[in-house]
>>> print(open('upload.cif').read())   # mmCIF, N, CA and C atoms
data_my_file
#
loop_
_atom_site.label_atom_id
_atom_site.label_comp_id
_atom_site.auth_asym_id
_atom_site.auth_seq_id
_atom_site.Cartn_x
_atom_site.Cartn_y
_atom_site.Cartn_z
N MET B 1 0.85 -1.18 0.00
CA MET B 1 0.00 0.00 0.00
C MET B 1 0.89 1.24 0.00
N LYS B 2 0.72 2.06 -0.99
CA LYS B 2 1.59 3.22 -1.19
C LYS B 2 1.54 4.21 -0.02
N ILE B 3 0.36 4.51 0.45
CA ILE B 3 0.21 5.48 1.54
C ILE B 3 0.92 4.96 2.80
N LYS B 4 0.73 3.70 3.09
CA LYS B 4 1.34 3.10 4.26
C LYS B 4 2.87 3.20 4.18
N ARG B 5 3.42 2.91 3.03
CA ARG B 5 4.86 3.00 2.80
C ARG B 5 5.34 4.44 2.99
N GLU B 6 4.58 5.38 2.44
CA GLU B 6 4.95 6.80 2.55
C GLU B 6 4.93 7.26 3.99
N ILE B 7 3.93 6.83 4.74
CA ILE B 7 3.83 7.23 6.15
C ILE B 7 5.01 6.65 6.92
N LYS B 8 5.32 5.37 6.69
CA LYS B 8 6.46 4.77 7.38
C LYS B 8 7.75 5.51 7.05
N GLN B 9 7.92 5.88 5.81
CA GLN B 9 9.13 6.59 5.39
C GLN B 9 9.21 7.95 6.10
N LYS B 10 8.10 8.65 6.16
CA LYS B 10 8.08 9.96 6.82
C LYS B 10 8.40 9.81 8.31
N ILE B 11 7.83 8.78 8.93
CA ILE B 11 8.09 8.55 10.36
C ILE B 11 9.56 8.26 10.59
N ASP B 12 10.15 7.44 9.72
CA ASP B 12 11.57 7.12 9.85
C ASP B 12 12.46 8.35 9.78
N GLU B 13 12.00 9.37 9.11
CA GLU B 13 12.78 10.60 8.95
C GLU B 13 12.68 11.53 10.17
N LEU B 14 11.74 11.26 11.04
CA LEU B 14 11.53 12.13 12.20
C LEU B 14 12.55 11.87 13.30
N THR B 15 12.79 12.89 14.09
CA THR B 15 13.62 12.71 15.30
C THR B 15 12.76 11.98 16.34
N ASP B 16 13.39 11.49 17.39
CA ASP B 16 12.63 10.83 18.45
C ASP B 16 11.59 11.76 19.06
N ASN B 17 11.96 13.02 19.27
CA ASN B 17 11.02 13.98 19.85
C ASN B 17 9.82 14.20 18.92
N GLU B 18 10.09 14.31 17.63
CA GLU B 18 9.00 14.50 16.67
C GLU B 18 8.09 13.26 16.63
N LYS B 19 8.69 12.09 16.76
CA LYS B 19 7.89 10.85 16.80
C LYS B 19 6.97 10.85 18.02
N MET B 20 7.48 11.36 19.15
CA MET B 20 6.64 11.43 20.35
C MET B 20 5.47 12.39 20.15
N VAL B 21 5.70 13.49 19.46
CA VAL B 21 4.62 14.44 19.17
C VAL B 21 3.56 13.75 18.31
N VAL B 22 3.99 13.03 17.30
CA VAL B 22 3.05 12.31 16.42
C VAL B 22 2.31 11.25 17.22
N LEU B 23 3.02 10.50 18.04
CA LEU B 23 2.39 9.46 18.86
C LEU B 23 1.34 10.05 19.79
N ASN B 24 1.69 11.14 20.46
CA ASN B 24 0.72 11.79 21.35
C ASN B 24 -0.51 12.26 20.59
N TYR B 25 -0.29 12.78 19.41
CA TYR B 25 -1.42 13.22 18.58
C TYR B 25 -2.33 12.05 18.23
N ILE B 26 -1.74 10.95 17.80
CA ILE B 26 -2.53 9.78 17.43
C ILE B 26 -3.30 9.24 18.63
N LEU B 27 -2.62 9.13 19.78
CA LEU B 27 -3.30 8.63 20.98
C LEU B 27 -4.46 9.54 21.38
N HIS B 28 -4.25 10.85 21.27
CA HIS B 28 -5.31 11.80 21.59
C HIS B 28 -6.50 11.62 20.64
N GLU B 29 -6.21 11.40 19.38
CA GLU B 29 -7.27 11.20 18.38
C GLU B 29 -8.05 9.92 18.63
N LEU B 30 -7.37 8.89 19.13
CA LEU B 30 -8.03 7.61 19.39
C LEU B 30 -8.84 7.62 20.68
N ASP B 31 -8.53 8.53 21.58
CA ASP B 31 -9.15 8.54 22.91
C ASP B 31 -10.34 9.48 22.98
N LYS B 32 -11.18 9.44 21.98
CA LYS B 32 -12.37 10.29 21.98
C LYS B 32 -13.54 9.53 22.59
N PRO B 33 -14.36 10.21 23.37
CA PRO B 33 -15.51 9.54 23.98
C PRO B 33 -16.48 9.01 22.92
N ASP B 34 -17.06 7.88 23.22
CA ASP B 34 -18.07 7.28 22.35
C ASP B 34 -19.35 7.16 23.17
N PRO B 35 -20.38 7.96 22.87
CA PRO B 35 -21.61 7.95 23.65
C PRO B 35 -22.25 6.56 23.75
N GLU B 36 -22.14 5.76 22.71
CA GLU B 36 -22.73 4.42 22.74
C GLU B 36 -22.02 3.53 23.75
N ILE B 37 -20.70 3.63 23.79
CA ILE B 37 -19.93 2.85 24.76
C ILE B 37 -20.23 3.34 26.17
N ASP B 38 -20.32 4.65 26.34
CA ASP B 38 -20.66 5.20 27.66
C ASP B 38 -22.02 4.70 28.13
N LYS B 39 -22.99 4.67 27.24
CA LYS B 39 -24.33 4.16 27.60
C LYS B 39 -24.26 2.69 28.01
N ALA B 40 -23.49 1.92 27.28
CA ALA B 40 -23.36 0.49 27.58
C ALA B 40 -22.73 0.28 28.95
N TRP B 41 -21.72 1.10 29.30
CA TRP B 41 -21.08 0.96 30.60
C TRP B 41 -22.03 1.38 31.73
N VAL B 42 -22.82 2.41 31.52
CA VAL B 42 -23.79 2.83 32.54
C VAL B 42 -24.80 1.71 32.79
N LYS B 43 -25.27 1.11 31.71
CA LYS B 43 -26.22 0.00 31.81
C LYS B 43 -25.59 -1.19 32.55
N GLU B 44 -24.35 -1.51 32.20
CA GLU B 44 -23.65 -2.62 32.85
C GLU B 44 -23.41 -2.35 34.33
N ALA B 45 -23.02 -1.12 34.67
CA ALA B 45 -22.79 -0.76 36.06
C ALA B 45 -24.08 -0.87 36.87
N ALA B 46 -25.18 -0.42 36.30
CA ALA B 46 -26.48 -0.50 36.98
C ALA B 46 -26.88 -1.96 37.20
N ARG B 47 -26.62 -2.80 36.19
CA ARG B 47 -26.94 -4.23 36.32
C ARG B 47 -26.12 -4.86 37.44
N ARG B 48 -24.84 -4.55 37.48
CA ARG B 48 -23.97 -5.14 38.50
C ARG B 48 -24.36 -4.65 39.90
N GLN B 49 -24.71 -3.36 40.00
CA GLN B 49 -25.12 -2.82 41.30
C GLN B 49 -26.40 -3.51 41.78
N LYS B 50 -27.33 -3.71 40.88
CA LYS B 50 -28.59 -4.38 41.22
C LYS B 50 -28.33 -5.80 41.71
N GLU B 51 -27.43 -6.52 41.02
CA GLU B 51 -27.12 -7.89 41.42
C GLU B 51 -26.46 -7.93 42.80
N MET B 52 -25.59 -6.96 43.09
CA MET B 52 -24.94 -6.94 44.41
C MET B 52 -25.94 -6.58 45.50
N ARG B 53 -26.78 -5.60 45.24
CA ARG B 53 -27.77 -5.19 46.26
C ARG B 53 -28.79 -6.29 46.55
N SER B 54 -29.12 -7.07 45.54
CA SER B 54 -30.10 -8.14 45.73
C SER B 54 -29.49 -9.36 46.39
N GLY B 55 -28.16 -9.40 46.45
CA GLY B 55 -27.48 -10.55 47.04
C GLY B 55 -27.21 -11.66 46.03
N LYS B 56 -27.60 -11.45 44.80
CA LYS B 56 -27.37 -12.45 43.75
C LYS B 56 -25.87 -12.67 43.53
N VAL B 57 -25.09 -11.59 43.70
CA VAL B 57 -23.65 -11.67 43.53
C VAL B 57 -22.99 -11.12 44.77
N LYS B 58 -21.92 -11.79 45.20
CA LYS B 58 -21.17 -11.31 46.36
C LYS B 58 -19.91 -10.61 45.88
N PRO B 59 -19.70 -9.35 46.28
CA PRO B 59 -18.48 -8.66 45.87
C PRO B 59 -17.26 -9.30 46.53
N LEU B 60 -16.15 -9.29 45.84
CA LEU B 60 -14.91 -9.85 46.37
C LEU B 60 -14.03 -8.73 46.90
N THR B 61 -13.25 -9.06 47.90
CA THR B 61 -12.28 -8.08 48.40
C THR B 61 -11.10 -8.05 47.43
N MET B 62 -10.30 -7.01 47.55
CA MET B 62 -9.12 -6.91 46.70
C MET B 62 -8.18 -8.09 46.95
N GLY B 63 -8.08 -8.50 48.20
CA GLY B 63 -7.23 -9.64 48.56
C GLY B 63 -7.70 -10.93 47.89
N GLU B 64 -9.01 -11.13 47.83
CA GLU B 64 -9.55 -12.31 47.16
C GLU B 64 -9.25 -12.31 45.66
N VAL B 65 -9.39 -11.16 45.06
CA VAL B 65 -9.13 -11.04 43.62
C VAL B 65 -7.65 -11.31 43.34
N PHE B 66 -6.75 -10.62 44.06
CA PHE B 66 -5.34 -10.79 43.79
C PHE B 66 -4.86 -12.18 44.19
N GLY B 67 -5.44 -12.74 45.25
CA GLY B 67 -5.07 -14.09 45.68
C GLY B 67 -5.40 -15.13 44.62
N LYS B 68 -6.47 -14.92 43.91
CA LYS B 68 -6.89 -15.85 42.87
C LYS B 68 -5.86 -15.93 41.74
N TYR B 69 -5.22 -14.80 41.44
CA TYR B 69 -4.28 -14.75 40.32
C TYR B 69 -2.81 -14.82 40.75
N LYS B 70 -2.57 -14.93 42.05
CA LYS B 70 -1.22 -14.95 42.57
C LYS B 70 -0.53 -16.29 42.34
N LYS B 71 -1.29 -17.31 42.16
CA LYS B 71 -0.77 -18.69 42.04
C LYS B 71 0.22 -18.88 40.95
#
>>> encode(input="upload.cif", output="structure tokens")
Amino acid sequence: MKIKREIKQKIDELTDNEKMVVLNYILHELDKPDPEIDKAWVKEAARRQKEMRSGKVKPLTMGEVFGKYKK
């Protein structure tokens, strides 16, 4: 792909500092809020809260969580 090759070539020509500026720009562009994802997380959080309040699910302590993966 010509564009991809051109971009790689341009990046190779940059100094490390300039590469960091480009990287920060790209990360900033990718980190934009998505209202649909936000809605999904609100719905999921409400579902989890309801399950904990009803007793259907028991919350774990931090020690229990880390102990499970410490093995």
>>> select_by_dssp(input="upload.cif", residues="chain B", states="alpha helix (DSSP H)", output="JSON, numbers by chain")
{"B": [2, 3, 4, 5, 6, 7, 8, 9, 10, 11, 12, 13, 16, 17, 18, 19, 20, 21, 22, 23, 24, 25, 26, 27, 28, 29, 30, 35, 36, 37, 38, 39, 40, 41, 42, 43, 44, 45, 46, 47, 48, 49, 50, 51, 52, 53, 54, 62, 63, 64, 65, 66, 67, 68, 69, 70]}
>>> atom_distance(input="upload.cif", atom1="atom N of Asn24 in chain B", atom2="atom N of Lys8 in chain B")
15.4 Å
>>> atom_distance(input="upload.cif", atom1="atom N of Lys19 in chain B", atom2="CA of Ile3 in chain B")
18.6 Å
>>> decode(input="upload.cif", residues="range 37-53 of chain B", atoms="all heavy atoms", output="compact mmCIF listing (two decimals), in the first residue's frame")
# COMPACT_ATOMS: atom_id res chain seq x y z
N ILE B 37 -20.70 3.63 23.79
CA ILE B 37 -19.93 2.85 24.76
C ILE B 37 -20.23 3.34 26.17
O ILE B 37 -20.40 2.54 27.10
CB ILE B 37 -18.42 2.92 24.45
CG1 ILE B 37 -18.13 2.18 23.13
CG2 ILE B 37 -17.59 2.33 25.59
CD1 ILE B 37 -16.71 2.31 22.63
N ASP B 38 -20.32 4.65 26.34
CA ASP B 38 -20.66 5.20 27.66
C ASP B 38 -22.02 4.70 28.13
O ASP B 38 -22.18 4.31 29.29
CB ASP B 38 -20.64 6.73 27.63
CG ASP B 38 -19.24 7.29 27.45
OD1 ASP B 38 -18.25 6.54 27.64
OD2 ASP B 38 -19.13 8.48 27.11
N LYS B 39 -22.99 4.67 27.24
CA LYS B 39 -24.33 4.16 27.60
C LYS B 39 -24.26 2.69 28.01
O LYS B 39 -24.91 2.27 28.98
CB LYS B 39 -25.30 4.29 26.41
CG LYS B 39 -25.81 5.67 26.17
CD LYS B 39 -26.80 5.63 25.01
CE LYS B 39 -26.94 6.97 24.34
NZ LYS B 39 -27.80 6.92 23.15
N ALA B 40 -23.49 1.92 27.28
CA ALA B 40 -23.36 0.49 27.58
C ALA B 40 -22.73 0.28 28.95
O ALA B 40 -23.16 -0.58 29.72
CB ALA B 40 -22.54 -0.21 26.50
N TRP B 41 -21.72 1.10 29.30
CA TRP B 41 -21.08 0.96 30.60
C TRP B 41 -22.03 1.38 31.73
O TRP B 41 -22.03 0.76 32.81
CB TRP B 41 -19.79 1.78 30.66
CG TRP B 41 -18.61 1.01 30.16
CD1 TRP B 41 -17.86 1.28 29.06
CD2 TRP B 41 -18.06 -0.18 30.73
NE1 TRP B 41 -16.89 0.33 28.92
CE2 TRP B 41 -16.97 -0.58 29.93
CE3 TRP B 41 -18.38 -0.95 31.84
CZ2 TRP B 41 -16.20 -1.71 30.20
CZ3 TRP B 41 -17.60 -2.09 32.11
CH2 TRP B 41 -16.54 -2.45 31.30
N VAL B 42 -22.82 2.41 31.52
CA VAL B 42 -23.79 2.83 32.54
C VAL B 42 -24.80 1.71 32.79
O VAL B 42 -25.12 1.37 33.93
CB VAL B 42 -24.50 4.14 32.13
CG1 VAL B 42 -25.70 4.42 33.01
CG2 VAL B 42 -23.53 5.31 32.17
N LYS B 43 -25.27 1.11 31.71
CA LYS B 43 -26.22 0.00 31.81
C LYS B 43 -25.59 -1.19 32.55
O LYS B 43 -26.21 -1.80 33.42
CB LYS B 43 -26.68 -0.42 30.41
CG LYS B 43 -27.74 -1.47 30.39
CD LYS B 43 -28.17 -1.75 28.95
CE LYS B 43 -29.23 -2.85 28.91
NZ LYS B 43 -29.65 -3.15 27.54
N GLU B 44 -24.35 -1.51 32.20
CA GLU B 44 -23.65 -2.62 32.85
C GLU B 44 -23.41 -2.35 34.33
O GLU B 44 -23.60 -3.22 35.18
CB GLU B 44 -22.32 -2.89 32.14
CG GLU B 44 -21.49 -3.99 32.75
CD GLU B 44 -22.12 -5.37 32.65
OE1 GLU B 44 -23.09 -5.56 31.89
OE2 GLU B 44 -21.64 -6.29 33.34
N ALA B 45 -23.02 -1.12 34.67
CA ALA B 45 -22.79 -0.76 36.06
C ALA B 45 -24.08 -0.87 36.87
O ALA B 45 -24.09 -1.37 38.00
CB ALA B 45 -22.21 0.65 36.16
N ALA B 46 -25.18 -0.42 36.30
CA ALA B 46 -26.48 -0.50 36.98
C ALA B 46 -26.88 -1.96 37.20
O ALA B 46 -27.39 -2.33 38.27
CB ALA B 46 -27.55 0.23 36.17
N ARG B 47 -26.62 -2.80 36.19
CA ARG B 47 -26.94 -4.23 36.32
C ARG B 47 -26.12 -4.86 37.44
O ARG B 47 -26.66 -5.59 38.28
CB ARG B 47 -26.67 -4.95 35.00
CG ARG B 47 -27.01 -6.45 35.03
CD ARG B 47 -26.53 -7.18 33.79
NE ARG B 47 -25.08 -7.25 33.69
CZ ARG B 47 -24.31 -8.10 34.39
NH1 ARG B 47 -24.86 -8.94 35.25
NH2 ARG B 47 -23.00 -8.10 34.22
N ARG B 48 -24.84 -4.55 37.48
CA ARG B 48 -23.97 -5.14 38.50
C ARG B 48 -24.36 -4.65 39.90
O ARG B 48 -24.36 -5.42 40.86
CB ARG B 48 -22.52 -4.79 38.21
CG ARG B 48 -21.98 -5.49 37.00
CD ARG B 48 -20.54 -5.12 36.74
NE ARG B 48 -20.05 -5.69 35.50
CZ ARG B 48 -18.78 -5.72 35.15
NH1 ARG B 48 -17.86 -5.19 35.95
NH2 ARG B 48 -18.41 -6.25 34.00
N GLN B 49 -24.71 -3.36 40.00
CA GLN B 49 -25.12 -2.82 41.30
C GLN B 49 -26.40 -3.51 41.78
O GLN B 49 -26.52 -3.88 42.95
CB GLN B 49 -25.33 -1.32 41.19
CG GLN B 49 -25.70 -0.68 42.51
CD GLN B 49 -25.96 0.80 42.38
OE1 GLN B 49 -26.61 1.23 41.44
NE2 GLN B 49 -25.46 1.58 43.33
N LYS B 50 -27.33 -3.71 40.88
CA LYS B 50 -28.59 -4.38 41.22
C LYS B 50 -28.33 -5.80 41.71
O LYS B 50 -28.91 -6.25 42.69
CB LYS B 50 -29.51 -4.39 40.00
CG LYS B 50 -30.87 -4.97 40.25
CD LYS B 50 -31.73 -4.90 38.99
CE LYS B 50 -33.09 -5.55 39.23
NZ LYS B 50 -33.90 -5.56 38.01
N GLU B 51 -27.43 -6.52 41.02
CA GLU B 51 -27.12 -7.89 41.42
C GLU B 51 -26.46 -7.93 42.80
O GLU B 51 -26.76 -8.81 43.60
CB GLU B 51 -26.19 -8.55 40.39
CG GLU B 51 -26.89 -8.93 39.12
CD GLU B 51 -25.96 -9.59 38.11
OE1 GLU B 51 -24.72 -9.50 38.28
OE2 GLU B 51 -26.49 -10.19 37.15
N MET B 52 -25.59 -6.96 43.09
CA MET B 52 -24.94 -6.94 44.41
C MET B 52 -25.94 -6.58 45.50
O MET B 52 -25.96 -7.19 46.57
CB MET B 52 -23.76 -5.96 44.42
CG MET B 52 -22.56 -6.50 43.68
SD MET B 52 -21.01 -5.63 43.96
CE MET B 52 -21.44 -3.92 43.74
N ARG B 53 -26.78 -5.60 45.24
CA ARG B 53 -27.77 -5.19 46.26
C ARG B 53 -28.79 -6.29 46.55
O ARG B 53 -29.25 -6.42 47.66
CB ARG B 53 -28.48 -3.92 45.81
CG ARG B 53 -27.61 -2.70 45.97
CD ARG B 53 -28.37 -1.43 45.71
NE ARG B 53 -27.52 -0.28 46.00
CZ ARG B 53 -27.78 0.94 45.61
NH1 ARG B 53 -28.87 1.19 44.91
NH2 ARG B 53 -26.97 1.92 45.90
